[in-house]
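Data block for entry_13.csv (CSV, N, CA, C and O atoms):
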chain,number,residue,atom,x,y,z
A,85,MET,N,204.3,-6.5,-165.1
A,85,MET,CA,204.8,-5.9,-163.9
A,85,MET,C,204.1,-6.6,-162.7
A,85,MET,O,202.9,-6.8,-162.8
A,86,ARG,N,204.8,-6.8,-161.7
A,86,ARG,CA,204.2,-7.4,-160.5
A,86,ARG,C,203.9,-6.3,-159.5
A,86,ARG,O,204.5,-5.3,-159.4
A,87,ILE,N,202.8,-6.6,-158.7
A,87,ILE,CA,202.5,-5.7,-157.6
A,87,ILE,C,203.3,-6.1,-156.4
A,87,ILE,O,203.2,-7.3,-156.0
A,88,ARG,N,204.0,-5.2,-155.8
A,88,ARG,CA,204.8,-5.5,-154.6
A,88,ARG,C,204.4,-4.4,-153.6
A,88,ARG,O,204.1,-3.3,-153.9
A,89,SER,N,204.5,-4.8,-152.3
A,89,SER,CA,204.3,-3.8,-151.3
A,89,SER,C,205.7,-3.5,-150.7
A,89,SER,O,206.7,-4.2,-150.8
A,90,THR,N,205.7,-2.3,-150.0
A,90,THR,CA,206.9,-1.8,-149.4
A,90,THR,C,206.9,-1.9,-147.9
A,90,THR,O,205.9,-1.4,-147.3
A,91,LYS,N,207.8,-2.5,-147.3
A,91,LYS,CA,207.9,-2.6,-145.9
A,91,LYS,C,208.4,-1.3,-145.4
A,91,LYS,O,209.2,-0.6,-146.0
A,92,PRO,N,207.9,-0.8,-144.2
A,92,PRO,CA,208.2,0.4,-143.6
A,92,PRO,C,209.7,0.6,-143.4
A,92,PRO,O,210.3,1.7,-143.5
A,93,GLU,N,210.4,-0.5,-143.2
A,93,GLU,CA,211.9,-0.5,-142.9
A,93,GLU,C,212.6,0.0,-144.1
A,93,GLU,O,213.8,0.5,-144.0
A,94,PHE,N,212.1,-0.1,-145.3
A,94,PHE,CA,212.7,0.4,-146.5
A,94,PHE,C,213.1,1.9,-146.4
A,94,PHE,O,214.2,2.3,-146.6
A,95,TRP,N,212.1,2.6,-145.9
A,95,TRP,CA,212.2,4.1,-145.8
A,95,TRP,C,213.1,4.5,-144.7
A,95,TRP,O,213.7,5.6,-144.7
A,96,LYS,N,213.4,3.7,-143.7
A,96,LYS,CA,214.2,4.0,-142.6
A,96,LYS,C,215.6,3.5,-142.7
A,96,LYS,O,216.5,3.8,-141.9
A,97,SER,N,215.9,2.7,-143.7
A,97,SER,CA,217.2,2.1,-143.9
A,97,SER,C,218.3,3.1,-144.3
A,97,SER,O,218.2,3.9,-145.2
A,98,LYS,N,219.4,3.0,-143.5
A,98,LYS,CA,220.6,3.8,-143.9
A,98,LYS,C,221.1,3.5,-145.2
A,98,LYS,O,221.6,4.4,-146.0
A,99,ARG,N,221.1,2.2,-145.6
A,99,ARG,CA,221.6,1.8,-146.9
A,99,ARG,C,220.8,2.4,-148.0
A,99,ARG,O,221.3,2.9,-149.0
A,100,ILE,N,219.4,2.4,-147.9
A,100,ILE,CA,218.6,3.0,-148.9
A,100,ILE,C,218.8,4.5,-148.9
A,100,ILE,O,218.9,5.2,-150.0
A,101,ALA,N,218.9,5.1,-147.8
A,101,ALA,CA,219.1,6.6,-147.7
A,101,ALA,C,220.5,7.0,-148.2
A,101,ALA,O,220.7,8.2,-148.5
A,102,SER,N,221.4,6.1,-148.5
A,102,SER,CA,222.7,6.5,-149.1
A,102,SER,C,222.6,6.9,-150.5
A,102,SER,O,223.6,7.4,-151.1
A,103,VAL,N,221.5,6.6,-151.2
A,103,VAL,CA,221.3,7.0,-152.6
A,103,VAL,C,220.3,8.1,-152.7
A,103,VAL,O,219.4,8.3,-151.8
A,104,SER,N,220.3,8.8,-153.8
A,104,SER,CA,219.4,9.9,-154.1
A,104,SER,C,217.9,9.4,-154.1
A,104,SER,O,217.6,8.2,-154.3
A,105,TRP,N,217.0,10.4,-154.0
A,105,TRP,CA,215.6,10.1,-154.1
A,105,TRP,C,215.3,9.5,-155.5
A,105,TRP,O,214.5,8.5,-155.6
A,106,GLU,N,215.9,10.0,-156.5
A,106,GLU,CA,215.7,9.5,-157.9
A,106,GLU,C,216.1,8.0,-158.0
A,106,GLU,O,215.4,7.2,-158.6
A,107,ASP,N,217.2,7.7,-157.4
A,107,ASP,CA,217.7,6.3,-157.4
A,107,ASP,C,216.8,5.4,-156.6
A,107,ASP,O,216.6,4.2,-156.9
A,108,ARG,N,216.2,5.9,-155.5
A,108,ARG,CA,215.3,5.1,-154.7
A,108,ARG,C,214.1,4.8,-155.5
A,108,ARG,O,213.5,3.7,-155.4
A,109,LEU,N,213.6,5.8,-156.3
A,109,LEU,CA,212.4,5.6,-157.2
A,109,LEU,C,212.7,4.5,-158.2
A,109,LEU,O,211.9,3.6,-158.5
A,110,LEU,N,213.9,4.6,-158.8
A,110,LEU,CA,214.3,3.5,-159.7
A,110,LEU,C,214.4,2.2,-159.1
A,110,LEU,O,213.9,1.2,-159.6
A,111,LEU,N,214.9,2.1,-157.9
A,111,LEU,CA,215.0,0.8,-157.1
A,111,LEU,C,213.6,0.3,-156.9
A,111,LEU,O,213.3,-0.9,-157.0
A,112,LYS,N,212.6,1.1,-156.5
A,112,LYS,CA,211.3,0.7,-156.2
A,112,LYS,C,210.7,0.2,-157.6
A,112,LYS,O,209.9,-0.8,-157.6
A,113,GLY,N,211.0,0.9,-158.7
A,113,GLY,CA,210.5,0.4,-160.0
A,113,GLY,C,211.1,-0.9,-160.3
A,113,GLY,O,210.4,-1.8,-160.9
A,114,LEU,N,212.3,-1.2,-160.0
A,114,LEU,CA,213.0,-2.4,-160.3
A,114,LEU,C,212.3,-3.6,-159.5
A,114,LEU,O,212.3,-4.7,-160.0
A,115,GLU,N,211.8,-3.3,-158.4
A,115,GLU,CA,211.1,-4.3,-157.6
A,115,GLU,C,209.9,-4.9,-158.4
A,115,GLU,O,209.6,-6.1,-158.2
A,116,SER,N,209.3,-4.1,-159.2
A,116,SER,CA,208.2,-4.6,-160.0
A,116,SER,C,208.7,-5.2,-161.3
A,116,SER,O,208.0,-6.0,-161.9
A,117,TYR,N,209.8,-4.8,-161.7
A,117,TYR,CA,210.4,-5.3,-163.0
A,117,TYR,C,211.0,-6.7,-162.8
A,117,TYR,O,210.8,-7.6,-163.7
A,118,VAL,N,211.6,-7.0,-161.7
A,118,VAL,CA,212.3,-8.3,-161.6
A,118,VAL,C,211.3,-9.4,-161.3
A,118,VAL,O,210.2,-9.2,-161.0
A,119,ASP,N,211.8,-10.7,-161.4
A,119,ASP,CA,211.0,-11.8,-161.2
A,119,ASP,C,210.8,-12.1,-159.7
A,119,ASP,O,211.3,-11.3,-158.8
A,120,ASP,N,210.2,-13.2,-159.3
A,120,ASP,CA,209.9,-13.5,-157.9
A,120,ASP,C,211.2,-13.8,-157.1
A,120,ASP,O,211.1,-13.9,-155.9
A,121,ASN,N,212.3,-14.0,-157.8
A,121,ASN,CA,213.6,-14.2,-157.1
A,121,ASN,C,214.5,-13.0,-157.0
A,121,ASN,O,215.6,-13.0,-156.6
A,122,GLY,N,213.9,-11.8,-157.5
A,122,GLY,CA,214.7,-10.6,-157.5
A,122,GLY,C,215.6,-10.4,-158.7
A,122,GLY,O,216.5,-9.5,-158.6
A,123,VAL,N,215.5,-11.2,-159.7
A,123,VAL,CA,216.4,-11.2,-160.9
A,123,VAL,C,215.6,-10.7,-162.1
A,123,VAL,O,214.5,-11.1,-162.3
A,124,GLY,N,216.3,-9.9,-162.9
A,124,GLY,CA,215.7,-9.4,-164.1
A,124,GLY,C,216.8,-9.2,-165.2
A,124,GLY,O,218.0,-9.2,-164.9
A,125,VAL,N,216.4,-9.1,-166.4
A,125,VAL,CA,217.3,-8.9,-167.5
A,125,VAL,C,217.9,-7.5,-167.4
A,125,VAL,O,217.1,-6.5,-167.2
A,126,ASP,N,219.2,-7.4,-167.4
A,126,ASP,CA,219.9,-6.1,-167.3
A,126,ASP,C,220.0,-5.4,-168.7
A,126,ASP,O,221.0,-5.5,-169.4
A,127,ASP,N,218.9,-4.8,-169.1
A,127,ASP,CA,218.7,-4.2,-170.4
A,127,ASP,C,218.0,-2.9,-170.1
A,127,ASP,O,216.8,-2.9,-169.8
A,128,VAL,N,218.8,-1.8,-170.2
A,128,VAL,CA,218.2,-0.5,-169.8
A,128,VAL,C,217.0,-0.1,-170.7
A,128,VAL,O,216.0,0.5,-170.1
A,129,GLU,N,216.9,-0.5,-171.9
A,129,GLU,CA,215.7,-0.2,-172.7
A,129,GLU,C,214.5,-1.0,-172.2
A,129,GLU,O,213.4,-0.4,-172.1
A,130,LEU,N,214.7,-2.2,-171.8
A,130,LEU,CA,213.5,-3.0,-171.2
A,130,LEU,C,213.1,-2.4,-169.9
A,130,LEU,O,211.9,-2.3,-169.6
A,131,ILE,N,214.1,-2.0,-169.1
A,131,ILE,CA,213.8,-1.4,-167.8
A,131,ILE,C,213.0,-0.1,-168.0
A,131,ILE,O,212.0,0.1,-167.3
A,132,VAL,N,213.5,0.7,-168.8
A,132,VAL,CA,212.8,2.0,-169.1
A,132,VAL,C,211.4,1.8,-169.6
A,132,VAL,O,210.5,2.5,-169.1
A,133,THR,N,211.2,1.0,-170.5
A,133,THR,CA,209.9,0.8,-171.1
A,133,THR,C,208.9,0.2,-170.1
A,133,THR,O,207.7,0.4,-170.1
A,134,ASP,N,209.4,-0.6,-169.1
A,134,ASP,CA,208.6,-1.2,-168.1
A,134,ASP,C,208.3,-0.2,-166.9
A,134,ASP,O,207.2,-0.1,-166.4
A,135,VAL,N,209.4,0.5,-166.5
A,135,VAL,CA,209.3,1.3,-165.3
A,135,VAL,C,208.9,2.8,-165.6
A,135,VAL,O,208.2,3.4,-164.8
A,136,PHE,N,209.4,3.3,-166.6
A,136,PHE,CA,209.2,4.7,-166.9
A,136,PHE,C,208.7,4.9,-168.4
A,136,PHE,O,209.3,5.7,-169.2
A,137,PRO,N,207.6,4.3,-168.8
A,137,PRO,CA,207.2,4.3,-170.2
A,137,PRO,C,206.8,5.7,-170.6
A,137,PRO,O,207.1,6.1,-171.8
A,138,ARG,N,206.1,6.5,-169.8
A,138,ARG,CA,205.7,7.9,-170.3
A,138,ARG,C,206.9,8.8,-170.4
A,138,ARG,O,207.0,9.6,-171.3
A,139,ASP,N,207.9,8.6,-169.5
A,139,ASP,CA,209.1,9.4,-169.6
A,139,ASP,C,209.9,9.0,-170.9
A,139,ASP,O,210.5,9.9,-171.5
A,140,MET,N,209.8,7.7,-171.2
A,140,MET,CA,210.5,7.3,-172.5
A,140,MET,C,210.0,8.0,-173.7
A,140,MET,O,210.7,8.3,-174.6
A,141,PHE,N,208.6,8.1,-173.7
A,141,PHE,CA,208.0,8.8,-174.9
A,141,PHE,C,208.3,10.3,-174.9
A,141,PHE,O,208.5,10.9,-175.9
A,142,ALA,N,208.3,10.9,-173.7
A,142,ALA,CA,208.5,12.3,-173.6
A,142,ALA,C,209.9,12.8,-173.9
A,142,ALA,O,210.2,13.8,-174.5
A,143,SER,N,210.9,12.0,-173.4
A,143,SER,CA,212.3,12.3,-173.5
A,143,SER,C,213.2,11.1,-173.5
A,143,SER,O,213.8,10.8,-172.5
A,144,PRO,N,213.2,10.4,-174.6
A,144,PRO,CA,213.8,9.1,-174.6
A,144,PRO,C,215.3,9.1,-174.3
A,144,PRO,O,215.8,8.3,-173.5
A,145,ARG,N,216.1,10.0,-174.9
A,145,ARG,CA,217.5,10.0,-174.6
A,145,ARG,C,217.8,10.3,-173.1
A,145,ARG,O,218.7,9.7,-172.5
A,146,GLU,N,217.2,11.3,-172.6
A,146,GLU,CA,217.4,11.7,-171.2
A,146,GLU,C,217.0,10.6,-170.3
A,146,GLU,O,217.7,10.3,-169.3
A,147,THR,N,215.8,9.9,-170.6
A,147,THR,CA,215.3,8.9,-169.7
A,147,THR,C,216.3,7.7,-169.7
A,147,THR,O,216.6,7.2,-168.6
A,148,VAL,N,216.7,7.3,-170.8
A,148,VAL,CA,217.7,6.1,-170.9
A,148,VAL,C,219.0,6.5,-170.2
A,148,VAL,O,219.5,5.7,-169.4
A,149,ALA,N,219.5,7.7,-170.4
A,149,ALA,CA,220.7,8.1,-169.7
A,149,ALA,C,220.5,8.2,-168.2
A,149,ALA,O,221.4,7.7,-167.4
A,150,ARG,N,219.4,8.7,-167.7
A,150,ARG,CA,219.2,8.8,-166.3
A,150,ARG,C,219.1,7.4,-165.6
A,150,ARG,O,219.6,7.1,-164.6
A,151,VAL,N,218.3,6.5,-166.3
A,151,VAL,CA,218.2,5.1,-165.8
A,151,VAL,C,219.5,4.4,-165.8
A,151,VAL,O,219.9,3.7,-164.8
A,152,SER,N,220.3,4.5,-166.9
A,152,SER,CA,221.6,3.9,-167.0
A,152,SER,C,222.5,4.4,-165.9
A,152,SER,O,223.2,3.6,-165.2
A,153,GLU,N,222.5,5.7,-165.7
A,153,GLU,CA,223.4,6.2,-164.6
A,153,GLU,C,222.9,5.8,-163.2
A,153,GLU,O,223.7,5.5,-162.3
A,154,GLY,N,221.6,5.7,-163.1
A,154,GLY,CA,221.0,5.3,-161.8
A,154,GLY,C,221.3,3.9,-161.5
A,154,GLY,O,221.6,3.5,-160.3
A,155,LEU,N,221.3,3.0,-162.5
A,155,LEU,CA,221.7,1.6,-162.3
A,155,LEU,C,223.1,1.5,-161.8
A,155,LEU,O,223.4,0.7,-161.0
A,156,CYS,N,224.0,2.3,-162.4
A,156,CYS,CA,225.4,2.3,-162.0
A,156,CYS,C,225.5,2.7,-160.5
A,156,CYS,O,226.3,2.1,-159.8
A,157,ARG,N,224.8,3.8,-160.2
A,157,ARG,CA,224.9,4.2,-158.8
A,157,ARG,C,224.3,3.2,-157.8
A,157,ARG,O,224.9,3.0,-156.7
A,158,LEU,N,223.2,2.5,-158.2
A,158,LEU,CA,222.7,1.5,-157.3
A,158,LEU,C,223.6,0.3,-157.2
A,158,LEU,O,223.8,-0.3,-156.1
A,159,GLN,N,224.4,0.0,-158.3
A,159,GLN,CA,225.4,-1.0,-158.2
A,159,GLN,C,226.5,-0.6,-157.3
A,159,GLN,O,227.0,-1.4,-156.4
A,160,GLN,N,227.0,0.6,-157.4
A,160,GLN,CA,228.1,1.1,-156.6
A,160,GLN,C,227.7,1.1,-155.1
A,160,GLN,O,228.5,0.9,-154.2
A,161,ALA,N,226.4,1.3,-154.8
A,161,ALA,CA,225.9,1.3,-153.4
A,161,ALA,C,225.7,-0.1,-152.9
A,161,ALA,O,225.3,-0.2,-151.7
A,162,GLY,N,225.8,-1.1,-153.8
A,162,GLY,CA,225.6,-2.4,-153.4
A,162,GLY,C,224.2,-2.8,-153.3
A,162,GLY,O,223.8,-3.9,-152.7
A,163,LEU,N,223.3,-2.1,-153.9
A,163,LEU,CA,221.8,-2.4,-153.8
A,163,LEU,C,221.4,-3.2,-155.0
A,163,LEU,O,220.4,-3.9,-154.9
A,164,VAL,N,222.2,-3.2,-156.1
A,164,VAL,CA,221.9,-4.0,-157.2
A,164,VAL,C,223.2,-4.7,-157.7
A,164,VAL,O,224.2,-4.0,-157.7
A,165,HIS,N,223.1,-5.9,-158.0
A,165,HIS,CA,224.3,-6.7,-158.5
A,165,HIS,C,224.0,-6.9,-160.0
A,165,HIS,O,222.9,-7.4,-160.3
A,166,ARG,N,225.0,-6.6,-160.8
A,166,ARG,CA,224.8,-6.9,-162.3
A,166,ARG,C,225.8,-7.9,-162.6
A,166,ARG,O,227.0,-7.9,-162.2
A,167,TYR,N,225.4,-8.9,-163.4
A,167,TYR,CA,226.3,-10.0,-163.8
A,167,TYR,C,225.8,-10.6,-165.1
A,167,TYR,O,224.7,-10.3,-165.6
A,168,SER,N,226.7,-11.4,-165.7
A,168,SER,CA,226.4,-12.0,-167.0
A,168,SER,C,226.4,-13.5,-166.9
A,168,SER,O,227.2,-14.1,-166.1
A,169,THR,N,225.6,-14.2,-167.7
A,169,THR,CA,225.6,-15.6,-167.9
A,169,THR,C,226.0,-15.8,-169.3
A,169,THR,O,226.3,-14.9,-170.1
A,170,ASP,N,226.0,-17.1,-169.8
A,170,ASP,CA,226.4,-17.4,-171.2
A,170,ASP,C,225.4,-16.7,-172.2
A,170,ASP,O,225.8,-16.3,-173.3
A,171,SER,N,224.2,-16.5,-171.7
A,171,SER,CA,223.2,-16.0,-172.7
A,171,SER,C,222.6,-14.6,-172.3
A,171,SER,O,221.9,-14.0,-173.2
A,172,ASP,N,222.8,-14.1,-171.1
A,172,ASP,CA,222.1,-12.9,-170.7
A,172,ASP,C,222.9,-12.0,-169.8
A,172,ASP,O,223.8,-12.5,-169.1
A,173,ASN,N,222.6,-10.8,-169.8
A,173,ASN,CA,223.1,-9.8,-168.8
A,173,ASN,C,221.9,-9.7,-167.8
A,173,ASN,O,220.8,-9.5,-168.2
A,174,LEU,N,222.2,-9.9,-166.5
A,174,LEU,CA,221.1,-9.9,-165.5
A,174,LEU,C,221.5,-9.0,-164.4
A,174,LEU,O,222.6,-8.6,-164.2
A,175,LEU,N,220.4,-8.6,-163.6
A,175,LEU,CA,220.6,-7.9,-162.4
A,175,LEU,C,219.8,-8.5,-161.3
A,175,LEU,O,218.8,-9.2,-161.5
A,176,TYR,N,220.3,-8.3,-160.1
A,176,TYR,CA,219.7,-8.9,-158.9
A,176,TYR,C,219.6,-7.8,-157.8
A,176,TYR,O,220.6,-7.1,-157.6
A,177,ILE,N,218.4,-7.6,-157.2
A,177,ILE,CA,218.3,-6.7,-156.1
A,177,ILE,C,218.8,-7.4,-154.9
A,177,ILE,O,218.3,-8.4,-154.4
A,178,SER,N,219.9,-6.8,-154.4
A,178,SER,CA,220.7,-7.5,-153.4
A,178,SER,C,220.0,-7.7,-152.0
A,178,SER,O,220.4,-8.6,-151.3
A,179,PHE,N,219.0,-7.0,-151.7
A,179,PHE,CA,218.3,-7.2,-150.4
A,179,PHE,C,217.0,-7.8,-150.6
A,179,PHE,O,216.1,-7.7,-149.8
A,180,TRP,N,216.8,-8.5,-151.8
A,180,TRP,CA,215.5,-9.1,-152.2
A,180,TRP,C,214.8,-9.8,-151.1
A,180,TRP,O,213.6,-9.7,-150.9
A,181,GLU,N,215.6,-10.7,-150.3
A,181,GLU,CA,214.9,-11.5,-149.3
A,181,GLU,C,214.3,-10.6,-148.2
A,181,GLU,O,213.4,-11.1,-147.5
A,182,ASP,N,214.8,-9.4,-148.0
A,182,ASP,CA,214.3,-8.5,-147.0
A,182,ASP,C,213.1,-7.7,-147.3
A,182,ASP,O,212.5,-7.1,-146.5
A,183,ILE,N,212.7,-7.7,-148.6
A,183,ILE,CA,211.6,-6.9,-149.1
A,183,ILE,C,210.3,-7.5,-148.7
A,183,ILE,O,210.1,-8.6,-148.8
Represent the structure contained in this file as structure tokens.
Amino acid sequence: MRIRSTKPEFWKSKRIASVSWEDRLLLKGLESYVDDNGVGVDDVELIVTDVFPRDMFASPRETVARVSEGLCRLQQAGLVHRYSTDSDNLLYISFWEDI
């Protein structure tokens, strides 16, 4: 996981405020999960074990379901783009350059 800082504009953004607090937390976790270009493997199990490892042990089914649903909502809000290559399913944080 990478250490990232949060710009104050993140919390003031109408775009960010359009999603729930839970989804904002997931988005902040994804910032540490993705590489330096804002891209990561779109694999809910990898994301959960990186971002919410203690939740995964306490309640694996619920945690995977919540993260999976959160990823869908972030995609619908245009905050995360999910796509496939020949070899991988990937995700990209759409405002990465602004972070």
| field | From A:Tyr167, A:Trp105, A:Phe94, A:Phe136, residue lying nearest A:Val123 [only C-alpha atoms] | value | A:Tyr167
| Shortest interatomic distance to A:Ala161 - which of A:Leu109, A:Val135, A:Leu130, A:Ile100, counting only C-alpha atoms |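 Checking each candidate against A:Ala161, we get A:Ile100 as the closest.
Across the structure, atom C of A:Gly162 and atom N of A:Asp107 are spaced 13.3 Å apart.
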| query | Can you list every residue in chain A that DSSP puts in alpha helix (DSSP H), as a PyMOL selection string? | reply | chain A and resi 92-96+98-101+105-117+128-135+137-142+144-160
DSSP strand (DSSP E or B) residues within chain A, as a PDB file with N, CA, C and O atoms, in the coordinates of the input:
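So the final result, stored in out16.pdb, reads:
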ATOM      1  N   VAL A 123     215.500 -11.200-159.700  1.00  0.00           N
ATOM      2  CA  VAL A 123     216.400 -11.200-160.900  1.00  0.00           C
ATOM      3  C   VAL A 123     215.600 -10.700-162.100  1.00  0.00           C
ATOM      4  O   VAL A 123     214.500 -11.100-162.300  1.00  0.00           O
ATOM      5  N   GLY A 124     216.300  -9.900-162.900  1.00  0.00           N
ATOM      6  CA  GLY A 124     215.700  -9.400-164.100  1.00  0.00           C
ATOM      7  C   GLY A 124     216.800  -9.200-165.200  1.00  0.00           C
ATOM      8  O   GLY A 124     218.000  -9.200-164.900  1.00  0.00           O
ATOM      9  N   VAL A 125     216.400  -9.100-166.400  1.00  0.00           N
ATOM     10  CA  VAL A 125     217.300  -8.900-167.500  1.00  0.00           C
ATOM     11  C   VAL A 125     217.900  -7.500-167.400  1.00  0.00           C
ATOM     12  O   VAL A 125     217.100  -6.500-167.200  1.00  0.00           O
ATOM     13  N   VAL A 164     222.200  -3.200-156.100  1.00  0.00           N
ATOM     14  CA  VAL A 164     221.900  -4.000-157.200  1.00  0.00           C
ATOM     15  C   VAL A 164     223.200  -4.700-157.700  1.00  0.00           C
ATOM     16  O   VAL A 164     224.200  -4.000-157.700  1.00  0.00           O
ATOM     17  N   HIS A 165     223.100  -5.900-158.000  1.00  0.00           N
ATOM     18  CA  HIS A 165     224.300  -6.700-158.500  1.00  0.00           C
ATOM     19  C   HIS A 165     224.000  -6.900-160.000  1.00  0.00           C
ATOM     20  O   HIS A 165     222.900  -7.400-160.300  1.00  0.00           O
ATOM     21  N   ARG A 166     225.000  -6.600-160.800  1.00  0.00           N
ATOM     22  CA  ARG A 166     224.800  -6.900-162.300  1.00  0.00           C
ATOM     23  C   ARG A 166     225.800  -7.900-162.600  1.00  0.00           C
ATOM     24  O   ARG A 166     227.000  -7.900-162.200  1.00  0.00           O
ATOM     25  N   TYR A 167     225.400  -8.900-163.400  1.00  0.00           N
ATOM     26  CA  TYR A 167     226.300 -10.000-163.800  1.00  0.00           C
ATOM     27  C   TYR A 167     225.800 -10.600-165.100  1.00  0.00           C
ATOM     28  O   TYR A 167     224.700 -10.300-165.600  1.00  0.00           O
ATOM     29  N   SER A 168     226.700 -11.400-165.700  1.00  0.00           N
ATOM     30  CA  SER A 168     226.400 -12.000-167.000  1.00  0.00           C
ATOM     31  C   SER A 168     226.400 -13.500-166.900  1.00  0.00           C
ATOM     32  O   SER A 168     227.200 -14.100-166.100  1.00  0.00           O
ATOM     33  N   ASN A 173     222.600 -10.800-169.800  1.00  0.00           N
ATOM     34  CA  ASN A 173     223.100  -9.800-168.800  1.00  0.00           C
ATOM     35  C   ASN A 173     221.900  -9.700-167.800  1.00  0.00           C
ATOM     36  O   ASN A 173     220.800  -9.500-168.200  1.00  0.00           O
ATOM     37  N   LEU A 174     222.200  -9.900-166.500  1.00  0.00           N
ATOM     38  CA  LEU A 174     221.100  -9.900-165.500  1.00  0.00           C
ATOM     39  C   LEU A 174     221.500  -9.000-164.400  1.00  0.00           C
ATOM     40  O   LEU A 174     222.600  -8.600-164.200  1.00  0.00           O
ATOM     41  N   LEU A 175     220.400  -8.600-163.600  1.00  0.00           N
ATOM     42  CA  LEU A 175     220.600  -7.900-162.400  1.00  0.00           C
ATOM     43  C   LEU A 175     219.800  -8.500-161.300  1.00  0.00           C
ATOM     44  O   LEU A 175     218.800  -9.200-161.500  1.00  0.00           O
ATOM     45  N   TYR A 176     220.300  -8.300-160.100  1.00  0.00           N
ATOM     46  CA  TYR A 176     219.700  -8.900-158.900  1.00  0.00           C
ATOM     47  C   TYR A 176     219.600  -7.800-157.800  1.00  0.00           C
ATOM     48  O   TYR A 176     220.600  -7.100-157.600  1.00  0.00           O
ATOM     49  N   ILE A 177     218.400  -7.600-157.200  1.00  0.00           N
ATOM     50  CA  ILE A 177     218.300  -6.700-156.100  1.00  0.00           C
ATOM     51  C   ILE A 177     218.800  -7.400-154.900  1.00  0.00           C
ATOM     52  O   ILE A 177     218.300  -8.400-154.400  1.00  0.00           O
TER      53      ILE A 177
END
| message | List as a PyMOL selection string the protein and nucleic acid residues near A:Ser116, meaning an atom at most 8 Å away when only N, CA, C and O atoms are counted, but skip any in the same chain fewer than 6 places from it. | response | chain A and resi 85-88+110+134-135
| message | Can you measure atom O of A:Tyr176 to atom CA of A:Ala142 for me? One decimal in Å is fine. | response |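 Computing the Euclidean distance for atom O of A:Tyr176 and atom CA of A:Ala142 yields 27.9 Å.
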| remark: Counting only C-alpha atoms, the residue among A:Met140, A:Gly124, A:Thr147, A:Thr133 that lies closest to A:Val164 is A:Gly124
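Residue nearest A:Val118 within the list A:Leu175, A:Val132, A:Leu163, A:Leu158: A:Leu175 [criterion: smallest interatomic distance, only N, CA, C and O atoms].
Taking atom CA of A:Ile177 and atom CA of A:Ala149 as endpoints, the distance between them is 20.2 Å.
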| query | Which of these, A:Glu106, A:Ala101, A:Pro137, A:Ser178, has the shortest distance to A:Gln159 once you count only C-alpha atoms? | reply |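 Among the listed residues, A:Ser178 lies closest to A:Gln159.
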| query | Between A:Asp172, A:Trp180, A:His165, A:Arg108, which is the closest to A:Asp120 once you count only C-alpha atoms? | reply |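 Going through A:Asp172, A:Trp180, A:His165, A:Arg108 one by one, the smallest distance to A:Asp120 is for A:Trp180.
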